[in-house]
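As stored in coords.cif (mmCIF, C-alpha atoms):
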data_work
loop_
_atom_site.label_atom_id
_atom_site.label_comp_id
_atom_site.auth_asym_id
_atom_site.auth_seq_id
_atom_site.Cartn_x
_atom_site.Cartn_y
_atom_site.Cartn_z
CA MET J 1 61.92 -40.34 50.70
CA ASN J 2 63.94 -37.79 48.74
CA PRO J 3 64.38 -37.98 44.95
CA GLU J 4 67.87 -39.50 45.20
CA GLU J 5 66.64 -42.29 47.47
CA VAL J 6 63.80 -43.02 45.05
CA ARG J 7 66.19 -42.92 42.07
CA GLU J 8 68.47 -45.48 43.71
CA LEU J 9 65.58 -47.87 44.30
CA LEU J 10 64.01 -47.58 40.83
CA PRO J 11 65.91 -50.47 39.16
CA LEU J 12 65.08 -52.73 42.12
CA TYR J 13 61.47 -51.56 42.01
CA ALA J 14 61.30 -52.44 38.31
CA LEU J 15 62.69 -55.91 39.03
CA GLY J 16 60.14 -56.54 41.79
CA ALA J 17 63.00 -56.84 44.28
CA LEU J 18 61.52 -54.57 46.97
CA SER J 19 59.28 -55.59 49.85
CA PRO J 20 55.58 -54.66 49.41
CA GLU J 21 56.11 -51.80 51.90
CA GLU J 22 59.15 -50.45 50.04
CA ARG J 23 57.25 -50.83 46.76
CA SER J 24 54.33 -48.73 48.11
CA ARG J 25 56.75 -46.11 49.45
CA VAL J 26 58.44 -45.79 46.04
CA GLU J 27 55.06 -45.54 44.27
CA GLU J 28 53.86 -42.92 46.72
CA ALA J 29 57.08 -40.93 46.46
CA LEU J 30 57.05 -41.13 42.65
CA SER J 31 53.75 -39.24 42.63
CA SER J 32 55.58 -36.30 44.17
CA TYR J 33 58.57 -36.34 41.80
CA PRO J 34 57.45 -36.02 38.18
CA GLU J 35 61.08 -35.38 37.23
CA LEU J 36 61.72 -39.11 37.89
CA TRP J 37 58.89 -40.44 35.73
CA ALA J 38 60.89 -40.77 32.50
CA GLU J 39 63.62 -42.64 34.36
CA ALA J 40 61.09 -44.91 36.08
CA LYS J 41 59.52 -45.62 32.70
CA ALA J 42 62.88 -46.59 31.18
CA TRP J 43 63.63 -49.06 34.01
CA MET J 44 60.11 -50.50 33.80
CA GLU J 45 60.49 -51.04 30.06
CA ALA J 46 63.84 -52.80 30.52
CA ALA J 47 62.43 -55.06 33.24
CA SER J 48 59.35 -55.88 31.18
CA GLN J 49 61.67 -57.48 28.63
CA LEU J 50 62.50 -60.10 31.22
CA ALA J 51 58.82 -61.06 31.40
CA GLU J 52 58.57 -61.07 27.62
CA ALA J 53 61.46 -63.52 27.41
CA VAL J 54 59.35 -66.17 29.13
CA PRO J 55 57.04 -68.12 26.81
CA PRO J 56 53.34 -67.72 27.68
CA ALA J 57 51.57 -70.79 29.05
CA PRO J 58 48.25 -72.11 27.71
CA VAL J 59 45.35 -70.67 29.70
CA PRO J 60 43.17 -73.40 31.26
CA PRO J 61 39.50 -73.32 30.30
CA GLY J 62 37.36 -71.70 32.98
CA LEU J 63 40.07 -69.41 34.37
CA GLU J 64 38.68 -66.35 32.60
CA ASP J 65 35.20 -67.00 34.04
CA LYS J 66 36.67 -67.39 37.54
CA VAL J 67 38.36 -64.00 37.22
CA MET J 68 35.23 -62.31 35.89
CA THR J 69 33.10 -63.83 38.67
CA ARG J 70 35.47 -62.38 41.27
CA ILE J 71 35.40 -58.98 39.55
CA ARG J 72 31.58 -58.94 39.64
CA ALA J 73 31.63 -59.86 43.33
CA LEU J 74 33.86 -56.84 43.96
CA ARG J 75 31.48 -54.51 42.17
CA ARG J 76 28.34 -55.27 44.15
CA PRO J 77 28.89 -53.41 47.40
CA ALA J 78 30.38 -50.35 45.70
CA PRO J 79 27.44 -47.89 45.60
CA TRP J 80 27.11 -45.97 48.84
CA GLY J 81 30.16 -47.75 50.28
CA TRP J 82 31.73 -44.38 51.02
CA LEU J 83 28.57 -43.28 52.81
CA ARG J 84 28.80 -46.28 55.11
CA GLN J 85 32.43 -45.36 55.69
CA ALA J 86 31.40 -41.82 56.53
CA ALA J 87 28.75 -43.12 58.92
CA ALA J 88 31.38 -45.25 60.64
CA VAL J 89 33.63 -42.22 61.04
CA PHE J 90 30.72 -40.26 62.50
CA LEU J 91 30.06 -43.04 64.96
CA ILE J 92 33.68 -43.01 66.10
CA LEU J 93 33.56 -39.26 66.42
CA ALA J 94 30.31 -39.37 68.31
CA LEU J 95 31.84 -41.82 70.74
CA GLY J 96 35.13 -39.98 71.04
CA TYR J 97 34.17 -36.36 70.80
CA GLY J 98 30.62 -36.27 72.13
CA THR J 99 28.52 -33.86 70.22
CA TYR J 100 31.39 -31.99 68.57
CA LEU J 101 30.02 -32.65 65.12
CA GLY J 102 26.69 -34.17 66.00
CA GLY J 103 24.59 -36.06 63.52
CA GLY J 104 23.75 -32.97 61.52
CA TRP J 105 26.00 -33.83 58.62
CA LEU J 106 24.31 -37.13 57.90
CA LEU J 107 20.94 -35.42 57.93
CA THR J 108 22.39 -32.73 55.67
CA LEU J 109 22.82 -35.34 52.94
CA ARG J 110 19.05 -35.40 52.56
CA GLU J 111 18.96 -31.68 51.70
CA PRO J 112 18.74 -30.99 47.96
CA THR J 113 21.05 -27.96 48.35
CA THR J 114 23.87 -30.12 49.74
CA GLN J 115 26.60 -30.97 47.24
CA VAL J 116 28.82 -34.05 47.45
CA ILE J 117 32.08 -33.53 45.59
CA THR J 118 34.44 -36.38 44.73
CA LEU J 119 38.10 -35.46 45.25
CA VAL J 120 40.57 -37.09 42.89
CA SER J 121 44.35 -37.11 42.79
CA PRO J 122 46.16 -35.60 39.75
CA GLN J 123 46.39 -39.22 38.51
CA GLY J 124 42.60 -39.56 38.66
CA GLU J 125 42.41 -41.78 41.73
CA VAL J 126 39.58 -41.06 44.17
CA VAL J 127 41.16 -39.77 47.40
CA GLY J 128 38.10 -38.59 49.30
CA ARG J 129 34.91 -36.57 49.23
CA ALA J 130 33.71 -33.17 50.34
CA ILE J 131 30.18 -32.44 51.49
CA LEU J 132 29.25 -28.77 50.97
CA ARG J 133 26.24 -27.31 52.76
CA ALA J 134 24.24 -24.34 51.62
CA ASP J 135 25.56 -22.35 54.63
CA ARG J 136 29.14 -22.64 53.14
CA THR J 137 30.31 -25.15 55.72
CA ALA J 138 32.13 -28.14 54.31
CA LEU J 139 33.04 -31.58 55.62
CA ILE J 140 36.14 -33.17 54.08
CA LEU J 141 36.53 -36.96 54.26
CA LEU J 142 39.82 -38.30 52.95
CA HIS J 143 41.11 -41.85 52.45
CA GLY J 144 44.19 -41.95 54.65
CA SER J 145 46.45 -39.61 56.54
CA PRO J 146 49.18 -37.26 55.30
CA PRO J 147 52.73 -38.69 55.00
CA LYS J 148 55.15 -38.04 57.85
CA GLY J 149 56.22 -34.41 58.07
CA LYS J 150 53.27 -33.15 56.00
CA VAL J 151 49.80 -31.86 56.76
CA PHE J 152 46.69 -31.54 54.62
CA GLN J 153 45.69 -28.04 53.61
CA ALA J 154 42.30 -27.09 52.20
CA TRP J 155 41.98 -24.53 49.38
CA GLY J 156 38.97 -22.56 48.25
CA LEU J 157 38.68 -22.55 44.47
CA ASP J 158 37.18 -19.68 42.53
CA HIS J 159 38.17 -18.39 39.11
CA GLY J 160 41.54 -16.99 40.28
CA GLU J 161 44.34 -18.16 42.60
CA PRO J 162 43.45 -20.89 45.14
CA LEU J 163 42.54 -19.38 48.52
CA PRO J 164 44.52 -20.90 51.41
CA LEU J 165 42.27 -22.37 54.14
CA SER J 166 42.90 -24.51 57.24
CA THR J 167 45.57 -27.16 57.65
CA PHE J 168 44.71 -30.50 59.30
CA ARG J 169 46.17 -33.91 60.00
CA LEU J 170 43.14 -36.17 60.51
CA PRO J 171 41.40 -37.51 57.40
CA LEU J 172 38.25 -35.67 58.46
CA LYS J 173 37.80 -31.92 58.73
CA THR J 174 35.00 -29.38 58.89
CA LEU J 175 35.61 -25.87 57.68
CA ARG J 176 33.80 -22.79 56.42
CA LEU J 177 34.40 -21.74 52.83
CA PRO J 178 34.85 -18.04 52.02
CA PRO J 179 31.94 -16.61 50.01
CA GLU J 180 33.93 -16.45 46.77
CA ALA J 181 34.96 -20.13 46.85
CA LEU J 182 33.01 -22.34 44.46
CA ALA J 183 34.70 -25.62 45.38
CA VAL J 184 37.40 -27.05 47.60
CA ALA J 185 40.72 -28.81 46.90
CA ILE J 186 43.29 -30.43 49.18
CA SER J 187 47.08 -30.34 49.03
CA LEU J 188 49.98 -31.70 51.07
CA GLU J 189 52.03 -29.02 52.78
CA PRO J 190 54.70 -28.60 55.43
CA PRO J 191 53.28 -28.09 58.94
CA GLY J 192 51.86 -24.59 59.24
CA GLY J 193 50.61 -24.57 55.67
CA SER J 194 51.58 -22.55 52.61
CA SER J 195 50.31 -19.54 50.73
CA LYS J 196 50.29 -21.52 47.44
CA PRO J 197 49.67 -25.28 47.01
CA THR J 198 52.86 -27.38 47.01
CA THR J 199 51.70 -30.95 46.20
CA LEU J 200 48.14 -31.42 44.99
CA PHE J 201 46.36 -34.25 46.77
CA GLY J 202 42.68 -34.02 45.90
CA LEU J 203 40.91 -31.94 43.27
CA PRO J 204 37.16 -31.75 42.68
CA ARG J 205 36.13 -34.04 39.82
CA MET N 1 31.47 -52.11 19.48
CA SER N 2 34.24 -54.70 19.77
CA LEU N 3 37.15 -53.63 21.90
CA GLU N 4 39.52 -56.00 20.13
CA GLY N 5 41.37 -53.32 18.16
CA LEU N 6 41.95 -51.02 21.15
CA SER N 7 45.43 -50.49 22.57
CA ASP N 8 46.30 -51.75 26.04
CA GLU N 9 46.30 -48.11 27.21
CA ALA N 10 42.75 -47.59 25.95
CA LEU N 11 41.57 -50.86 27.51
CA LEU N 12 43.09 -49.82 30.85
CA ALA N 13 41.28 -46.48 30.67
CA LEU N 14 38.01 -48.38 30.15
CA VAL N 15 38.81 -50.76 33.02
CA ALA N 16 39.36 -47.71 35.23
CA ARG N 17 35.77 -46.72 34.38
CA GLY N 18 34.50 -50.15 35.37
CA GLU N 19 34.14 -51.75 31.91
CA GLU N 20 34.27 -55.52 32.43
CA GLU N 21 34.57 -56.24 28.72
CA ALA N 22 37.85 -54.29 28.61
CA LEU N 23 39.25 -56.42 31.43
CA ARG N 24 38.19 -59.54 29.51
CA TRP N 25 40.30 -58.39 26.55
CA LEU N 26 43.29 -57.68 28.77
CA PHE N 27 42.86 -61.16 30.24
CA GLN N 28 43.00 -62.65 26.75
CA ARG N 29 46.15 -60.69 25.98
CA TYR N 30 48.05 -61.21 29.23
CA ALA N 31 46.78 -64.27 31.13
CA GLY N 32 49.15 -66.58 29.23
CA ALA N 33 52.12 -64.31 29.96
CA PHE N 34 51.25 -64.15 33.69
CA LEU N 35 50.85 -67.95 33.82
CA GLY N 36 54.15 -68.50 32.01
CA LEU N 37 55.95 -66.13 34.37
CA ALA N 38 54.46 -67.79 37.46
CA ARG N 39 55.47 -71.19 36.08
CA ARG N 40 58.97 -69.95 35.33
CA MET N 41 59.26 -68.69 38.89
CA GLY N 42 58.63 -72.16 40.26
CA LEU N 43 55.02 -71.94 41.43
CA ASP N 44 52.86 -75.03 41.11
CA VAL N 45 49.85 -75.22 38.79
CA ASN N 46 47.31 -74.16 41.44
CA ALA N 47 49.44 -71.24 42.57
CA GLN N 48 49.97 -70.19 38.93
CA GLU N 49 46.21 -69.89 38.46
CA ASP N 50 45.87 -68.05 41.79
CA VAL N 51 48.51 -65.58 40.60
CA VAL N 52 46.56 -64.92 37.42
CA GLN N 53 43.31 -64.36 39.34
CA GLU N 54 44.96 -62.10 41.90
CA ALA N 55 46.87 -60.17 39.22
CA PHE N 56 43.67 -59.35 37.32
CA ILE N 57 41.93 -58.31 40.54
CA ARG N 58 44.85 -55.90 41.08
CA VAL N 59 44.52 -54.63 37.50
CA TRP N 60 40.80 -54.03 38.11
CA LYS N 61 41.38 -52.23 41.41
CA ASN N 62 44.43 -50.20 40.36
CA ALA N 63 43.68 -49.29 36.75
CA ARG N 64 42.96 -45.72 37.86
CA GLN N 65 46.54 -45.44 39.09
CA PHE N 66 48.00 -46.27 35.69
CA ASP N 67 49.80 -43.24 34.33
CA PRO N 68 51.27 -43.54 30.81
CA ARG N 69 53.94 -40.98 31.75
CA ARG N 70 55.38 -43.45 34.27
CA ALA N 71 55.13 -46.73 32.31
CA SER N 72 53.69 -48.12 29.11
CA ALA N 73 50.54 -50.15 29.65
CA ARG N 74 52.39 -53.32 28.65
CA ALA N 75 55.22 -52.74 31.16
CA TRP N 76 52.70 -51.78 33.87
CA LEU N 77 50.60 -54.91 33.29
CA LEU N 78 53.62 -57.22 33.18
CA ALA N 79 54.91 -55.60 36.39
CA ILE N 80 51.58 -56.35 38.09
CA GLY N 81 51.79 -59.98 36.93
CA HIS N 82 55.38 -60.23 38.14
CA HIS N 83 54.81 -58.45 41.47
CA THR N 84 51.85 -60.73 42.17
CA ALA N 85 53.93 -63.84 41.47
CA VAL N 86 56.73 -62.46 43.68
CA ASP N 87 54.27 -61.83 46.53
CA PHE N 88 52.93 -65.40 46.20
CA LEU N 89 56.43 -66.87 46.21
CA ARG N 90 57.41 -64.95 49.30
CA ARG N 91 54.14 -65.77 51.06
CA LEU N 92 54.35 -69.47 50.30
CA GLN N 93 58.08 -69.55 50.90
CA ALA N 94 58.07 -71.87 47.94
CA ARG N 95 61.17 -70.76 46.19
CA PRO N 96 62.65 -73.79 44.48
CA LYS N 97 66.01 -73.62 46.25
CA LEU N 98 68.67 -71.28 47.50
CA LEU N 99 70.86 -70.08 44.76
CA GLU N 100 74.33 -71.41 44.62
CA PRO N 101 75.21 -70.40 41.13
CA GLN N 102 74.62 -73.75 39.50
CA ALA N 103 75.57 -73.58 35.88
CA ASP N 104 72.62 -75.48 34.48
CA GLU N 105 70.06 -73.61 36.58
CA ALA N 106 71.55 -70.22 35.81
CA GLU N 107 71.41 -71.03 32.12
CA GLU N 108 67.82 -72.21 32.31
CA ALA N 109 66.32 -68.75 32.58
CA PHE N 110 68.16 -67.67 29.50
CA ASP N 111 67.48 -70.71 27.38
CA LEU N 112 63.75 -71.03 27.35
CA PRO N 113 61.99 -72.94 24.63
CA GLY N 114 59.20 -70.95 23.03
CA ASP N 115 55.76 -72.48 22.97
CA GLY N 116 55.26 -70.94 19.58
CA LEU N 117 51.83 -69.54 20.42
CA ASN N 118 52.42 -67.07 17.65
CA GLU N 119 55.35 -66.70 15.36
CA GLU N 120 56.00 -63.02 16.04
CA GLY N 121 56.06 -63.53 19.82
CA HIS N 122 58.32 -66.54 19.36
CA LEU N 123 60.83 -64.52 17.34
CA ASP N 124 60.76 -61.72 19.91
CA ARG N 125 61.54 -64.19 22.65
CA ILE N 126 64.47 -65.63 20.72
CA ARG N 127 65.81 -62.07 20.34
CA LEU N 128 65.31 -61.35 24.03
CA GLN N 129 66.95 -64.59 25.09
CA GLY N 130 69.88 -63.70 22.85
CA ALA N 131 70.09 -60.32 24.58
CA LEU N 132 70.08 -61.97 28.01
CA ARG N 133 73.02 -64.12 26.96
CA HIS N 134 74.99 -60.91 26.33
CA LEU N 135 74.99 -60.18 30.05
CA ASP N 136 78.05 -60.96 32.14
CA PRO N 137 77.63 -64.03 34.37
CA GLU N 138 77.46 -61.76 37.43
CA GLU N 139 74.73 -59.65 35.86
CA ARG N 140 72.74 -62.69 34.78
CA GLU N 141 73.06 -64.05 38.28
CA VAL N 142 71.45 -61.01 39.92
CA ILE N 143 68.65 -61.00 37.34
CA GLN N 144 68.10 -64.70 37.99
CA VAL N 145 67.95 -64.33 41.77
CA LEU N 146 65.90 -61.15 41.88
CA TYR N 147 63.55 -61.39 38.93
CA TYR N 148 63.07 -65.09 38.26
CA ARG N 149 63.43 -66.31 41.85
CA GLY N 150 61.62 -63.39 43.47
CA HIS N 151 64.14 -62.71 46.23
CA SER N 152 64.23 -59.29 47.84
CA HIS N 153 67.39 -57.24 47.37
CA GLN N 154 68.53 -57.88 50.95
CA GLU N 155 68.02 -61.65 50.59
CA ALA N 156 69.77 -61.69 47.23
CA ALA N 157 72.82 -59.83 48.56
CA ARG N 158 73.04 -62.33 51.41
CA LEU N 159 72.61 -65.35 49.13
CA LEU N 160 75.21 -64.14 46.68
CA GLY N 161 77.56 -63.04 49.44
CA ILE N 162 77.96 -59.52 48.09
CA PRO N 163 77.35 -56.10 49.65
CA LEU N 164 74.01 -54.45 48.90
CA GLY N 165 75.78 -51.64 47.04
CA THR N 166 77.45 -54.13 44.69
CA LEU N 167 74.13 -55.82 44.04
CA LYS N 168 72.53 -52.49 43.15
CA THR N 169 75.40 -51.66 40.78
CA ARG N 170 75.07 -55.03 39.03
CA VAL N 171 71.31 -54.63 38.67
CA ARG N 172 71.70 -51.19 37.14
CA ARG N 173 74.42 -52.46 34.77
CA ALA N 174 72.41 -55.52 33.76
CA LEU N 175 69.29 -53.55 32.88
CA LEU N 176 71.27 -50.91 31.02
CA ARG N 177 73.08 -53.57 29.00
CA LEU N 178 69.79 -55.28 28.21
CA LYS N 179 68.37 -52.05 26.89
CA GLU N 180 71.52 -51.41 24.88
CA VAL N 181 71.60 -54.83 23.26
CA LEU N 182 67.91 -54.73 22.39
CA ARG N 183 68.32 -51.31 20.78
CA GLU N 184 70.90 -52.71 18.33
CA PRO N 185 69.40 -53.57 14.93
#

Represent the structure contained in this file as structure tokens.
Amino acid sequence: MNPEEVRELLPLYALGALSPEERSRVEEALSSYPELWAEAKAWMEAASQLAEAVPPAPVPPGLEDKVMTRIRALRRPAPWGWLRQAAAVFLILALGYGTYLGGGWLLTLREPTTQVITLVSPQGEVVGRAILRADRTALILLHGSPPKGKVFQAWGLDHGEPLPLSTFRLPLKTLRLPPEALAVAISLEPPGGSSKPTTLFGLPR
Amino acid sequence: MSLEGLSDEALLALVARGEEEALRWLFQRYAGAFLGLARRMGLDVNAQEDVVQEAFIRVWKNARQFDPRRASARAWLLAIGHHTAVDFLRRLQARPKLLEPQADEAEEAFDLPGDGLNEEGHLDRIRLQGALRHLDPEEREVIQVLYYRGHSHQEAARLLGIPLGTLKTRVRRALLRLKEVLREP
């Protein structure tokens, strides 16, 4: 979606008049076009007045407790959820690609020298994780695939300019970090990759 | 420390870090507004409560995505409440009726009695309802069909018998006029 297409849909987005799919597409595209944020904010403010014009209704007793009970139920399985997800991906890989990756990465997690880095979007949302081994090999696990026409690109981070590394399309990638890289970041790039990051996707937290 | 005095933005930041108490305060500030909106959109009592529960689950899950550069916390929260009610309406296919611009129904959205939960909110609503009455009938009609009835833009254009482009123009004009009128002292 180009900026003009997003701009045209913003008033409808603010009014809740898009389908859930269109709504997600606008939200996703907005992340890439900071120049539209002020405009989006203005439409959202105008639309919020329509909600404010409606008188609030009395809240029935017990509704707050129902909400909080559901929130607590959501929290329980959270720790190590991503690890289970990673294990599931490994299983699929093991079935599909034989011993390409092997089970070594899971065992690696037991090593004290292995680092697990959370990757977050510029908005602070967790978008994946990177497992870094002492031998400078890294496994990247991302939540989701790149949008159409884009690929992921890994970057080695040191104290200077980001170092361009491999591009990839699957949400899982192994790579070797150059010796000077202290951490890894992910961006979205046109196929073939870039020499400098275009759209940041995941930064180490 | 009580979180009562914190802004909505600060409470959302705490929710993003998993603070249940912050969500409880947001519930106390917004549950009534979400319920009122769901009621206004024609959902029955059970569905209204489901909307509130679902909306706060979405707030809990998506608080990390809130970005104050793209919306104020209040607008973001009200949009979540509204989007949730819209999704329920569409899922239940429980829209009250197809819109043939019926004078009394069209007026209803713009002539809402305040419950007077607090005087300041009541006065704000009177001001907002006054602003809505400044819209042209055509502009009010698109707001009614899209926002208060939860129709998608394609459905609304079909129901109103106008091209999609005309609908988009009216929406843009209606929201701009609303902003303009509310800016006047």

**Exercise: region 149-155 of chain J partners within 6 Å, all atoms listed in the file, chain neighbours under 2 positions left out, as a list in words** =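 Final neighbour list, sorted by chain and number: Pro146, Pro147, Pro162, Leu163, Pro164, Leu165, Ser166, Thr167, Phe168, Arg169, Val184, Ala185, Ile186, Ser187, Leu188, Glu189, Pro190 and Pro191 of chain J.
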
**Request:** Can you work out the spacing between CA of Tyr147 (chain N) and CA of Glu9 (chain N) in Å, to one decimal?
**Result:** 24.7 Å

**Item:** Straight-line distance linking CA of Leu89 (chain N) with CA of Lys41 (chain J), stated in Å to one decimal
**Value:**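 Interatomic distance, CA of Leu89 (chain N) to CA of Lys41 (chain J): 25.4 Å.
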
**Request:** Find the residue from N:Ala75, N:Leu11, N:Leu160, N:Val45 that sits nearest to chain J; use all atoms listed in the file when measuring.
**Result:** N:Ala75

**Item:** Exercise answer, chain N residues close to chain J, 7 Å and all atoms listed in the file, as a ChimeraX atom specification
**Value:** /N:31-33,35-37,53,57,64-65,67,69-71,75,78-79,83,112,114-115,125,128-129,146-147,150-153,171-172,175,178-179

Would you save the residues from that selection as a PDB file, in the coordinates of the input, using C-alpha atoms?
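Written output follows (selection.pdb):
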ATOM      1  CA  ALA N  31      46.780 -64.270  31.130  1.00  0.00           C
ATOM      2  CA  GLY N  32      49.150 -66.580  29.230  1.00  0.00           C
ATOM      3  CA  ALA N  33      52.120 -64.310  29.960  1.00  0.00           C
ATOM      4  CA  LEU N  35      50.850 -67.950  33.820  1.00  0.00           C
ATOM      5  CA  GLY N  36      54.150 -68.500  32.010  1.00  0.00           C
ATOM      6  CA  LEU N  37      55.950 -66.130  34.370  1.00  0.00           C
ATOM      7  CA  GLN N  53      43.310 -64.360  39.340  1.00  0.00           C
ATOM      8  CA  ILE N  57      41.930 -58.310  40.540  1.00  0.00           C
ATOM      9  CA  ARG N  64      42.960 -45.720  37.860  1.00  0.00           C
ATOM     10  CA  GLN N  65      46.540 -45.440  39.090  1.00  0.00           C
ATOM     11  CA  ASP N  67      49.800 -43.240  34.330  1.00  0.00           C
ATOM     12  CA  ARG N  69      53.940 -40.980  31.750  1.00  0.00           C
ATOM     13  CA  ARG N  70      55.380 -43.450  34.270  1.00  0.00           C
ATOM     14  CA  ALA N  71      55.130 -46.730  32.310  1.00  0.00           C
ATOM     15  CA  ALA N  75      55.220 -52.740  31.160  1.00  0.00           C
ATOM     16  CA  LEU N  78      53.620 -57.220  33.180  1.00  0.00           C
ATOM     17  CA  ALA N  79      54.910 -55.600  36.390  1.00  0.00           C
ATOM     18  CA  HIS N  83      54.810 -58.450  41.470  1.00  0.00           C
ATOM     19  CA  LEU N 112      63.750 -71.030  27.350  1.00  0.00           C
ATOM     20  CA  GLY N 114      59.200 -70.950  23.030  1.00  0.00           C
ATOM     21  CA  ASP N 115      55.760 -72.480  22.970  1.00  0.00           C
ATOM     22  CA  ARG N 125      61.540 -64.190  22.650  1.00  0.00           C
ATOM     23  CA  LEU N 128      65.310 -61.350  24.030  1.00  0.00           C
ATOM     24  CA  GLN N 129      66.950 -64.590  25.090  1.00  0.00           C
ATOM     25  CA  LEU N 146      65.900 -61.150  41.880  1.00  0.00           C
ATOM     26  CA  TYR N 147      63.550 -61.390  38.930  1.00  0.00           C
ATOM     27  CA  GLY N 150      61.620 -63.390  43.470  1.00  0.00           C
ATOM     28  CA  HIS N 151      64.140 -62.710  46.230  1.00  0.00           C
ATOM     29  CA  SER N 152      64.230 -59.290  47.840  1.00  0.00           C
ATOM     30  CA  HIS N 153      67.390 -57.240  47.370  1.00  0.00           C
ATOM     31  CA  VAL N 171      71.310 -54.630  38.670  1.00  0.00           C
ATOM     32  CA  ARG N 172      71.700 -51.190  37.140  1.00  0.00           C
ATOM     33  CA  LEU N 175      69.290 -53.550  32.880  1.00  0.00           C
ATOM     34  CA  LEU N 178      69.790 -55.280  28.210  1.00  0.00           C
ATOM     35  CA  LYS N 179      68.370 -52.050  26.890  1.00  0.00           C
TER      36      LYS N 179
END

**Request:** Work out how far apart CA of Gly18 (chain N) and CA of Glu22 (chain J) are and give it in Å to one decimal.
**Result:**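 Separation of CA of Gly18 (chain N) and CA of Glu22 (chain J): 28.7 Å.
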
**Prompt:** Skipping near chain neighbours, those fewer than 2 positions away, what residues fall within 9 Å of Glu180 (chain J) using all atoms listed in the file, listed as a PyMOL selection string?
**Reply:** chain J and resi 156-159+177-178+182

**Request:** Identify which of the residues N:Lys61, N:Arg74, N:His82, N:His134 lies closest to Glu20 (chain N), counting all atoms listed in the file when measuring atom-to-atom distances.
**Result:**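 Residue with the minimum atom-to-atom distance to Glu20 (chain N): N:Lys61.
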
**Item:** Protein/DNA/RNA residues near (45.3, -52.0, 30.2), cut 9 Å, only C-alpha atoms, as a ChimeraX atom specification
**Value:** /N:7-16,22-23,25-26,59,63,66,73-74,76-77

**Request:** Specify as a list in words each residue included when the PyMOL selection byres ((chain J and resi 136-141) around 7) is applied to this file.
**Result:**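 With the shown file as input, the PyMOL selection byres ((chain J and resi 136-141) around 7) matches Gly128, Arg129, Ala130, Ile131, Leu132, Arg133, Ala134, Asp135, Leu142, His143, Pro171, Leu172, Lys173, Thr174, Leu175, Arg176 and Leu177 of chain J.
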
**For Pro204 (chain J), the nearest of the candidates J:Ala73, J:Leu119, J:Ala181, J:Gly144, counting all atoms listed in the file** =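 The shortest atom-to-atom distance to Pro204 (chain J) comes from J:Leu119.
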